[in-house]
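> Sending over final-v5.txt (compact mmCIF, C-alpha atoms).
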# COMPACT_ATOMS: atom_id res chain seq x y z
CA GLU A 795 15.47 -48.38 -62.72
CA LEU A 796 14.84 -51.58 -60.73
CA TYR A 797 18.26 -53.00 -61.52
CA GLY A 798 19.85 -49.82 -60.25
CA ALA A 799 17.70 -49.98 -57.12
CA LEU A 800 19.24 -53.36 -56.30
CA ASP A 801 22.44 -51.48 -55.50
CA ASP A 802 20.68 -48.93 -53.30
CA PRO A 803 18.74 -50.21 -50.27
CA ASN A 804 17.36 -46.70 -49.71
CA HIS A 805 15.92 -46.36 -53.23
CA GLU A 806 12.38 -45.03 -53.39
CA LEU A 807 11.17 -48.21 -55.11
CA TRP A 808 11.56 -50.14 -51.86
CA GLN A 809 9.34 -47.80 -49.84
CA GLU A 810 6.25 -49.84 -50.73
CA LEU A 811 7.70 -53.02 -49.26
CA THR A 812 6.97 -54.28 -45.77
CA PRO A 813 9.61 -53.42 -43.13
CA ALA A 814 10.85 -57.03 -43.31
CA GLY A 815 11.03 -56.77 -47.09
CA ARG A 816 13.09 -53.57 -46.93
CA TYR A 817 15.45 -55.19 -44.45
CA ALA A 818 15.79 -58.22 -46.77
CA VAL A 819 16.86 -55.89 -49.60
CA ARG A 820 19.60 -54.49 -47.35
CA VAL A 821 20.75 -57.97 -46.37
CA LEU A 822 20.90 -59.31 -49.93
CA LEU A 823 22.95 -56.29 -50.92
CA TRP A 824 25.14 -56.64 -47.83
CA LEU A 825 25.78 -60.33 -48.54
CA ARG A 826 26.57 -59.55 -52.19
CA VAL A 827 24.23 -62.25 -53.46
CA GLU A 828 24.01 -61.34 -57.14
CA GLN A 829 22.90 -64.74 -58.51
CA VAL A 830 19.39 -64.07 -57.21
CA ARG A 831 18.86 -60.90 -59.25
CA PRO A 832 17.10 -62.50 -62.28
CA LEU A 833 14.47 -63.92 -59.93
CA ILE A 834 14.02 -60.59 -58.14
CA LEU A 835 13.58 -58.78 -61.47
CA ALA A 836 10.97 -61.29 -62.62
CA ALA A 837 9.11 -61.31 -59.31
CA TRP A 838 8.95 -57.51 -59.18
CA GLN A 839 6.87 -57.56 -62.37
CA ARG A 840 4.42 -60.23 -61.20
CA LEU A 841 4.00 -60.20 -57.43
CA ASP A 842 2.16 -57.71 -55.26
CA MET A 843 4.28 -55.93 -52.66
CA ALA A 844 3.28 -58.22 -49.78
CA ARG A 845 4.21 -61.37 -51.69
CA PHE A 846 7.33 -59.77 -53.11
CA SER A 847 8.41 -58.80 -49.61
CA ARG A 848 7.79 -62.34 -48.41
CA LEU A 849 9.84 -63.73 -51.29
CA LEU A 850 12.75 -61.47 -50.41
CA GLU A 851 12.67 -62.73 -46.83
CA LEU A 852 12.78 -66.33 -48.07
CA LEU A 853 15.63 -65.53 -50.44
CA VAL A 854 17.70 -64.23 -47.53
CA ARG A 855 17.26 -67.59 -45.78
CA VAL A 856 18.22 -69.48 -48.93
CA SER A 857 21.22 -67.25 -49.50
CA VAL A 858 22.54 -67.55 -45.96
CA ARG A 859 22.27 -71.33 -46.02
CA GLY A 860 24.02 -71.42 -49.37
CA LEU A 861 26.85 -69.20 -48.14
CA ILE A 862 27.40 -71.27 -45.00
CA ALA A 863 27.21 -74.65 -46.73
CA HIS A 864 29.20 -73.51 -49.80
CA VAL A 865 26.56 -74.33 -52.42
CA ASN A 866 28.08 -74.30 -55.90
CA THR A 867 27.70 -70.91 -57.63
CA GLY A 868 26.78 -72.51 -60.94
CA ASP A 869 23.97 -74.48 -59.28
CA LEU A 870 22.68 -71.28 -57.69
CA GLN A 871 22.62 -69.43 -61.00
CA ARG A 872 20.88 -72.29 -62.79
CA HIS A 873 18.08 -72.70 -60.26
CA TYR A 874 17.49 -68.99 -59.84
CA HIS A 875 17.07 -68.70 -63.62
CA VAL A 876 14.61 -71.62 -63.58
CA ALA A 877 12.62 -69.91 -60.83
CA ALA A 878 12.69 -66.61 -62.73
CA ARG A 879 11.23 -68.32 -65.82
CA LEU A 880 8.55 -69.91 -63.65
CA VAL A 881 7.49 -66.46 -62.49
CA SER A 882 7.76 -64.61 -65.80
CA LYS A 883 6.47 -67.30 -68.19
CA GLU A 884 4.01 -69.26 -66.04
CA GLY A 885 2.88 -66.42 -63.81
CA THR A 886 3.63 -68.15 -60.51
CA ARG A 887 2.86 -65.76 -57.68
CA SER A 888 3.28 -67.89 -54.57
CA PRO A 889 6.58 -67.29 -52.71
CA GLU A 890 6.36 -70.76 -51.18
CA LYS A 891 5.91 -72.39 -54.61
CA ILE A 892 8.90 -70.46 -55.92
CA LEU A 893 10.87 -71.67 -52.91
CA ARG A 894 10.06 -75.29 -53.79
CA VAL A 895 11.71 -74.77 -57.17
CA LEU A 896 14.84 -73.73 -55.30
CA SER A 897 14.78 -76.73 -52.95
CA PRO A 898 17.67 -78.55 -54.72
CA ILE A 899 20.04 -75.73 -53.72
CA ILE A 900 18.79 -75.37 -50.13
CA PRO A 901 20.96 -77.34 -47.68
CA SER A 902 19.05 -79.50 -45.23
CA ASP A 903 18.92 -78.61 -41.55
CA GLU A 904 21.53 -81.27 -40.85
CA GLU A 905 23.85 -80.03 -43.61
CA PHE A 906 23.46 -76.45 -42.48
CA GLN A 907 24.10 -77.25 -38.81
CA SER A 908 27.16 -79.33 -39.64
CA ALA A 909 28.62 -76.58 -41.82
CA PHE A 910 27.77 -73.89 -39.26
CA GLU A 911 29.48 -75.72 -36.41
CA GLN A 912 32.71 -75.79 -38.42
CA LEU A 913 32.40 -72.27 -39.83
CA ALA A 914 35.57 -70.19 -39.76
CA LEU A 915 35.76 -66.77 -41.40
CA ASP A 916 38.35 -64.01 -41.24
CA PRO A 917 36.48 -60.85 -40.13
CA LYS A 918 38.96 -58.81 -42.17
CA GLY A 919 38.98 -61.12 -45.18
CA PRO A 920 36.89 -61.22 -48.38
CA ARG A 921 33.86 -62.60 -46.53
CA LYS A 922 33.96 -60.09 -43.69
CA HIS A 923 30.47 -58.90 -44.61
CA VAL A 924 29.16 -62.43 -43.94
CA VAL A 925 30.79 -62.45 -40.49
CA ARG A 926 29.24 -59.13 -39.53
CA TYR A 927 25.80 -60.17 -40.80
CA LEU A 928 25.83 -63.49 -38.90
CA LEU A 929 26.95 -61.88 -35.65
CA ALA A 930 24.38 -59.09 -36.04
CA GLU A 931 21.60 -61.63 -36.60
CA LEU A 932 22.73 -63.67 -33.59
CA GLU A 933 22.62 -60.48 -31.52
CA ARG A 934 19.10 -59.78 -32.79
CA ALA A 935 18.07 -63.34 -31.92
CA ALA A 936 19.39 -62.77 -28.38
CA GLY A 937 17.08 -59.78 -28.06
CA GLY A 938 19.48 -57.03 -29.07
CA SER A 939 19.21 -54.58 -31.92
CA VAL A 940 22.06 -53.96 -34.32
CA ALA A 941 22.60 -53.50 -38.07
CA PRO A 942 25.60 -55.20 -39.70
CA ASP A 943 26.71 -51.92 -41.26
CA LEU A 944 26.71 -49.99 -37.97
CA PRO A 945 29.92 -47.87 -38.06
CA GLU A 946 30.77 -48.38 -34.39
CA LEU A 947 30.51 -52.16 -34.65
CA THR A 948 33.75 -54.16 -34.62
CA VAL A 949 34.41 -57.90 -34.57
CA GLU A 950 36.44 -59.06 -31.58
CA HIS A 951 38.56 -62.22 -31.39
CA ILE A 952 38.08 -63.71 -27.93
CA LEU A 953 41.18 -65.85 -28.41
CA PRO A 954 43.52 -63.25 -29.94
CA ILE A 955 45.26 -63.80 -33.26
CA ASN A 956 48.54 -63.65 -31.34
CA PRO A 957 47.69 -64.97 -27.86
CA GLY A 958 51.29 -64.88 -26.65
CA GLY A 959 50.80 -67.55 -23.97
CA LEU A 960 47.83 -65.78 -22.36
CA PHE A 961 45.44 -68.60 -23.30
CA PRO A 962 47.26 -71.75 -22.08
CA SER A 963 44.41 -74.10 -23.02
CA PHE A 964 45.26 -73.50 -26.69
CA ASN A 965 48.47 -74.96 -28.06
CA ALA A 966 49.85 -73.46 -31.28
CA GLU A 967 47.93 -75.90 -33.49
CA ALA A 968 44.62 -75.36 -31.69
CA ALA A 969 45.04 -71.57 -31.74
CA GLU A 970 45.66 -71.53 -35.48
CA ARG A 971 42.70 -73.85 -36.08
CA ASP A 972 40.21 -72.03 -33.86
CA VAL A 973 41.07 -68.33 -33.95
CA GLN A 974 38.79 -67.54 -36.93
CA ARG A 975 35.95 -69.84 -35.96
CA LEU A 976 32.64 -68.04 -35.51
CA GLY A 977 32.42 -69.21 -31.90
CA ASN A 978 35.60 -67.25 -31.19
CA LEU A 979 34.15 -64.02 -32.58
CA THR A 980 31.83 -61.52 -30.96
CA LEU A 981 30.60 -57.96 -31.40
CA LEU A 982 32.26 -55.12 -29.54
CA GLU A 983 32.06 -51.36 -29.75
CA HIS A 984 35.08 -49.70 -31.34
CA ARG A 985 35.70 -47.59 -28.23
CA LEU A 986 36.07 -50.78 -26.15
CA ASN A 987 37.95 -52.82 -28.72
CA LYS A 988 40.58 -50.32 -29.84
CA ASP A 989 42.86 -50.76 -26.82
CA LEU A 990 41.97 -54.33 -25.87
CA GLY A 991 44.48 -56.17 -28.07
CA ALA A 992 45.89 -59.49 -26.88
CA ALA A 993 44.73 -59.25 -23.27
CA ALA A 994 44.14 -62.20 -20.97
CA PHE A 995 40.62 -63.66 -20.91
CA GLU A 996 39.75 -62.31 -17.45
CA VAL A 997 40.76 -58.81 -18.62
CA LYS A 998 38.64 -59.17 -21.75
CA GLN A 999 35.65 -60.30 -19.71
CA ARG A 1000 35.74 -57.10 -17.64
CA VAL A 1001 35.58 -55.15 -20.91
CA TYR A 1002 32.82 -57.39 -22.32
CA GLU A 1003 30.68 -56.56 -19.28
CA GLN A 1004 30.66 -52.92 -20.44
CA SER A 1005 29.38 -53.74 -23.93
CA LYS A 1006 25.81 -53.05 -25.01
CA PHE A 1007 25.82 -56.25 -27.08
CA LEU A 1008 23.97 -59.04 -25.31
CA MET A 1009 25.92 -61.82 -27.00
CA THR A 1010 29.16 -60.31 -25.69
CA ARG A 1011 27.94 -59.76 -22.14
CA ALA A 1012 26.84 -63.42 -22.15
CA ILE A 1013 30.49 -64.61 -22.34
CA THR A 1014 30.72 -65.49 -18.65
CA THR A 1015 32.49 -68.86 -18.71
CA PRO A 1016 35.34 -69.05 -16.15
CA GLU A 1017 37.94 -69.75 -18.84
CA TRP A 1018 38.24 -69.80 -22.61
CA THR A 1019 39.19 -73.20 -23.99
CA PRO A 1020 38.73 -75.11 -27.26
CA GLU A 1021 35.79 -76.87 -25.60
CA THR A 1022 33.99 -73.70 -24.51
CA LEU A 1023 34.61 -72.17 -27.93
CA ARG A 1024 33.03 -75.16 -29.69
CA ALA A 1025 30.14 -75.17 -27.26
CA ARG A 1026 29.43 -71.49 -27.98
CA GLN A 1027 29.52 -72.09 -31.72
CA SER A 1028 27.21 -75.10 -31.42
CA GLU A 1029 24.77 -72.99 -29.41
CA MET A 1030 24.87 -70.34 -32.13
Output the file's structure in the form of structure tokens.

Amino acid sequence: ELYGALDDPNHELWQELTPAGRYAVRVLLWLRVEQVRPLILAAWQRLDMARFSRLLELLVRVSVRGLIAHVNTGDLQRHYHVAARLVSKEGTRSPEKILRVLSPIIPSDEEFQSAFEQLALDPKGPRKHVVRYLLAELERAAGGSVAPDLPELTVEHILPINPGGLFPSFNAEAAERDVQRLGNLTLLEHRLNKDLGAAAFEVKQRVYEQSKFLMTRAITTPEWTPETLRARQSEM
């Protein structure tokens, strides 16, 4: 029953978790992080709901860092199995102690920041769920409220995929390099994005002002250049 619940964030088993724990279940499912399941199965049997919820929150952090820094899948599987044995065989019940077992697969702050500043993901590609999650979390951090699976949510390219000369600060090489970088992406309602297309930056800004997303309304720089794009991504 538990294994099946891992594919259903609304399963009744999760109702006993804290709100943060229930959200962590949704995120782990959204990010398609399956290597962590042996540890979750073991922890469910041993930890009370408060500690289990806390562990799920920590596993989201570990998973996001691993996704951004491209931690080897085999290393992830190996260390999650070690942690699962620690819980099931030795009875470890401390989420923080379990996290220490996973420390070899957790990128340092410096490694994570370096990888994040160079992060480029196609919002329509195989990792589109990662893009939506990261942008949703950045919106939450800015004080907004949005779920990554919100139907009306779309991902907008500030520099369009085909700029057509409307963004003169980007030559062809820079446009190809930067168009999928996270700093060039933002959230926008479908109703605003559907007719926007490859508009000039000043036209896009007038549309961004109408958005409910704080991160999008905050795009107020006078022009969009490779430098402002990198600065936005570094700030993220």
> Of the candidates A:Glu933, A:Asp801, A:Glu1029, A:Glu1021, which shows the shortest atom-to-atom distance to A:Val827, using all atoms listed in the file?
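When distances to A:Val827 are compared using all atoms listed in the file, the smallest one comes from A:Asp801.
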> Could you give me, as a PyMOL selection string, the residues that have an atom at most 12 Å away from the point (33.0, -55.3, -20.9) in the coordinates of the file, using only C-alpha atoms?
chain A and resi 950+980-983+985-987+990+995-1014
> Suppose we keep C-alpha atoms; can you now write the selection as an mmCIF file, keeping the file's coordinate frame?

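And here's out17.cif as it stands now:
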data_model
loop_
_atom_site.group_PDB
_atom_site.id
_atom_site.type_symbol
_atom_site.label_atom_id
_atom_site.label_comp_id
_atom_site.auth_asym_id
_atom_site.auth_seq_id
_atom_site.Cartn_x
_atom_site.Cartn_y
_atom_site.Cartn_z
ATOM 1 C CA GLU A 950 36.440 -59.060 -31.580
ATOM 2 C CA THR A 980 31.830 -61.520 -30.960
ATOM 3 C CA LEU A 981 30.600 -57.960 -31.400
ATOM 4 C CA LEU A 982 32.260 -55.120 -29.540
ATOM 5 C CA GLU A 983 32.060 -51.360 -29.750
ATOM 6 C CA ARG A 985 35.700 -47.590 -28.230
ATOM 7 C CA LEU A 986 36.070 -50.780 -26.150
ATOM 8 C CA ASN A 987 37.950 -52.820 -28.720
ATOM 9 C CA LEU A 990 41.970 -54.330 -25.870
ATOM 10 C CA PHE A 995 40.620 -63.660 -20.910
ATOM 11 C CA GLU A 996 39.750 -62.310 -17.450
ATOM 12 C CA VAL A 997 40.760 -58.810 -18.620
ATOM 13 C CA LYS A 998 38.640 -59.170 -21.750
ATOM 14 C CA GLN A 999 35.650 -60.300 -19.710
ATOM 15 C CA ARG A 1000 35.740 -57.100 -17.640
ATOM 16 C CA VAL A 1001 35.580 -55.150 -20.910
ATOM 17 C CA TYR A 1002 32.820 -57.390 -22.320
ATOM 18 C CA GLU A 1003 30.680 -56.560 -19.280
ATOM 19 C CA GLN A 1004 30.660 -52.920 -20.440
ATOM 20 C CA SER A 1005 29.380 -53.740 -23.930
ATOM 21 C CA LYS A 1006 25.810 -53.050 -25.010
ATOM 22 C CA PHE A 1007 25.820 -56.250 -27.080
ATOM 23 C CA LEU A 1008 23.970 -59.040 -25.310
ATOM 24 C CA MET A 1009 25.920 -61.820 -27.000
ATOM 25 C CA THR A 1010 29.160 -60.310 -25.690
ATOM 26 C CA ARG A 1011 27.940 -59.760 -22.140
ATOM 27 C CA ALA A 1012 26.840 -63.420 -22.150
ATOM 28 C CA ILE A 1013 30.490 -64.610 -22.340
ATOM 29 C CA THR A 1014 30.720 -65.490 -18.650
#
> For the interface of stretch 853-926 of chain A with stretch 966-975 of chain A (cut-off 7 Å, counting all atoms listed in the file), please tabulate each contacting residue of stretch 853-926 of chain A alongside its nearest pair of atoms and their separation in Å to one decimal, rows sorted by chain and increasing number, as a tab-separated table.

residue	atom	partner	partner_atom	distance
A:Leu913	CA	A:Arg975	CA	5.8
A:Ala914	CA	A:Arg975	CA	3.8
A:Leu915	CA	A:Gln974	CA	5.5
A:Asp916	CA	A:Gln974	CA	5.6
> Report the distance between atom CA of A:Val895 and atom CA of A:Val858 in Å, rounded to one decimal place.
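One can read the atom CA of A:Val895 to atom CA of A:Val858 distance as 17.2 Å.
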> Counting all atoms listed in the file, which of A:His984, A:Leu849, A:Tyr797, A:Ala814 gets nearest to A:Glu828?
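Result for the nearest residue to A:Glu828: A:Tyr797.
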> Nearest to A:Leu850 among A:Ala878, A:Gly815, A:Thr867, A:Val830, with distances taken over all atoms listed in the file: which residue is it?
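Going through A:Ala878, A:Gly815, A:Thr867, A:Val830 one by one, the smallest distance to A:Leu850 is for A:Gly815.
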> Around (8.1, -68.9, -60.7) in the file's own coordinates, what residues are found within 12 Å if you use all atoms listed in the file, given back as a PyMOL selection string?
chain A and resi 832-841+846+849+873-896
> What lies within 10 Å of A:Leu807 using all atoms listed in the file, ignoring chain neighbours under 5 positions off, as a list of chain:residue names?
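The residues satisfying every condition are A:Glu795, A:Leu796, A:Ala799, A:Leu800, A:Asp802, A:Arg816.
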> Any chance you can output those residues with C-alpha atoms as an mmCIF file, keeping the file's coordinate frame?

data_model
loop_
_atom_site.group_PDB
_atom_site.id
_atom_site.type_symbol
_atom_site.label_atom_id
_atom_site.label_comp_id
_atom_site.auth_asym_id
_atom_site.auth_seq_id
_atom_site.Cartn_x
_atom_site.Cartn_y
_atom_site.Cartn_z
ATOM 1 C CA GLU A 795 15.470 -48.380 -62.720
ATOM 2 C CA LEU A 796 14.840 -51.580 -60.730
ATOM 3 C CA ALA A 799 17.700 -49.980 -57.120
ATOM 4 C CA LEU A 800 19.240 -53.360 -56.300
ATOM 5 C CA ASP A 802 20.680 -48.930 -53.300
ATOM 6 C CA ARG A 816 13.090 -53.570 -46.930
#
> Rounded to one decimal place, report the atom CA of A:His864-atom CA of A:Pro901 distance in Å.
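Computing the Euclidean distance for atom CA of A:His864 and atom CA of A:Pro901 yields 9.3 Å.
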> Figure out the distance between atom CA of A:Tyr817 and atom CA of A:Asn978, please, to one decimal in Å.
27.0 Å
> For A:Gln912, which of A:Ala863, A:Tyr927, A:Leu852, A:Ala818 is the closest residue, counting only C-alpha atoms?
A:Ala863
> Can you list, as number ranges by chain, every protein, DNA or RNA residue that comes within 12 Å of A:Gly958 when you count only C-alpha atoms, leaving out same-chain residues fewer than 6 positions away?
A: 964-966, 969, 991-994
> Can you give me all heavy atoms for stretch 954-965 of chain A, written as a compact mmCIF listing (two decimals), in the frame of the given file?

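rebuild.txt, freshly written:
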# COMPACT_ATOMS: atom_id res chain seq x y z
N PRO A 954 42.88 -64.18 -29.01
CA PRO A 954 43.52 -63.25 -29.94
C PRO A 954 44.26 -63.96 -31.07
O PRO A 954 44.62 -65.14 -30.95
CB PRO A 954 44.51 -62.47 -29.05
CG PRO A 954 44.10 -62.75 -27.64
CD PRO A 954 43.45 -64.10 -27.66
N ILE A 955 44.49 -63.23 -32.15
CA ILE A 955 45.26 -63.80 -33.26
C ILE A 955 46.66 -64.16 -32.79
O ILE A 955 47.22 -65.18 -33.20
CB ILE A 955 45.30 -62.79 -34.43
CG1 ILE A 955 43.88 -62.59 -35.00
CG2 ILE A 955 46.24 -63.28 -35.53
CD1 ILE A 955 43.79 -61.56 -36.09
N ASN A 956 47.23 -63.36 -31.93
CA ASN A 956 48.54 -63.65 -31.34
C ASN A 956 48.39 -63.72 -29.82
O ASN A 956 48.62 -62.74 -29.11
CB ASN A 956 49.55 -62.56 -31.72
CG ASN A 956 49.76 -62.48 -33.23
OD1 ASN A 956 50.13 -63.47 -33.86
ND2 ASN A 956 49.52 -61.32 -33.81
N PRO A 957 47.99 -64.88 -29.29
CA PRO A 957 47.69 -64.97 -27.86
C PRO A 957 48.90 -64.83 -26.94
O PRO A 957 48.75 -64.46 -25.77
CB PRO A 957 47.07 -66.36 -27.72
CG PRO A 957 47.55 -67.13 -28.90
CD PRO A 957 47.71 -66.13 -30.00
N GLY A 958 50.08 -65.12 -27.44
CA GLY A 958 51.29 -64.88 -26.65
C GLY A 958 51.32 -65.60 -25.31
O GLY A 958 51.84 -65.03 -24.33
N GLY A 959 50.77 -66.79 -25.21
CA GLY A 959 50.80 -67.55 -23.97
C GLY A 959 49.74 -67.17 -22.96
O GLY A 959 49.71 -67.74 -21.85
N LEU A 960 48.86 -66.22 -23.30
CA LEU A 960 47.83 -65.78 -22.36
C LEU A 960 46.62 -66.71 -22.31
O LEU A 960 45.77 -66.57 -21.43
CB LEU A 960 47.37 -64.36 -22.72
CG LEU A 960 48.43 -63.26 -22.60
CD1 LEU A 960 47.90 -61.95 -23.14
CD2 LEU A 960 48.84 -63.10 -21.14
N PHE A 961 46.54 -67.64 -23.25
CA PHE A 961 45.44 -68.60 -23.30
C PHE A 961 46.05 -70.01 -23.30
O PHE A 961 46.14 -70.66 -24.35
CB PHE A 961 44.57 -68.38 -24.54
CG PHE A 961 43.71 -67.16 -24.46
CD1 PHE A 961 44.26 -65.89 -24.56
CD2 PHE A 961 42.34 -67.27 -24.27
CE1 PHE A 961 43.47 -64.75 -24.48
CE2 PHE A 961 41.53 -66.14 -24.19
CZ PHE A 961 42.10 -64.87 -24.29
N PRO A 962 46.49 -70.50 -22.15
CA PRO A 962 47.26 -71.75 -22.08
C PRO A 962 46.51 -72.99 -22.52
O PRO A 962 47.14 -74.02 -22.82
CB PRO A 962 47.65 -71.84 -20.60
CG PRO A 962 46.65 -70.98 -19.88
CD PRO A 962 46.33 -69.87 -20.83
N SER A 963 45.18 -72.93 -22.58
CA SER A 963 44.41 -74.10 -23.02
C SER A 963 44.57 -74.36 -24.52
O SER A 963 44.22 -75.44 -25.00
CB SER A 963 42.93 -73.93 -22.69
OG SER A 963 42.72 -73.87 -21.30
N PHE A 964 45.08 -73.37 -25.25
CA PHE A 964 45.26 -73.50 -26.69
C PHE A 964 46.75 -73.67 -27.00
O PHE A 964 47.55 -72.76 -26.73
CB PHE A 964 44.75 -72.26 -27.43
CG PHE A 964 43.27 -72.08 -27.38
CD1 PHE A 964 42.67 -71.44 -26.30
CD2 PHE A 964 42.46 -72.54 -28.42
CE1 PHE A 964 41.31 -71.25 -26.25
CE2 PHE A 964 41.09 -72.36 -28.38
CZ PHE A 964 40.51 -71.72 -27.29
N ASN A 965 47.12 -74.85 -27.54
CA ASN A 965 48.47 -74.96 -28.06
C ASN A 965 48.53 -74.25 -29.41
O ASN A 965 47.51 -73.75 -29.90
CB ASN A 965 48.93 -76.42 -28.15
CG ASN A 965 48.01 -77.27 -29.05
OD1 ASN A 965 47.45 -76.76 -30.02
ND2 ASN A 965 47.87 -78.55 -28.72
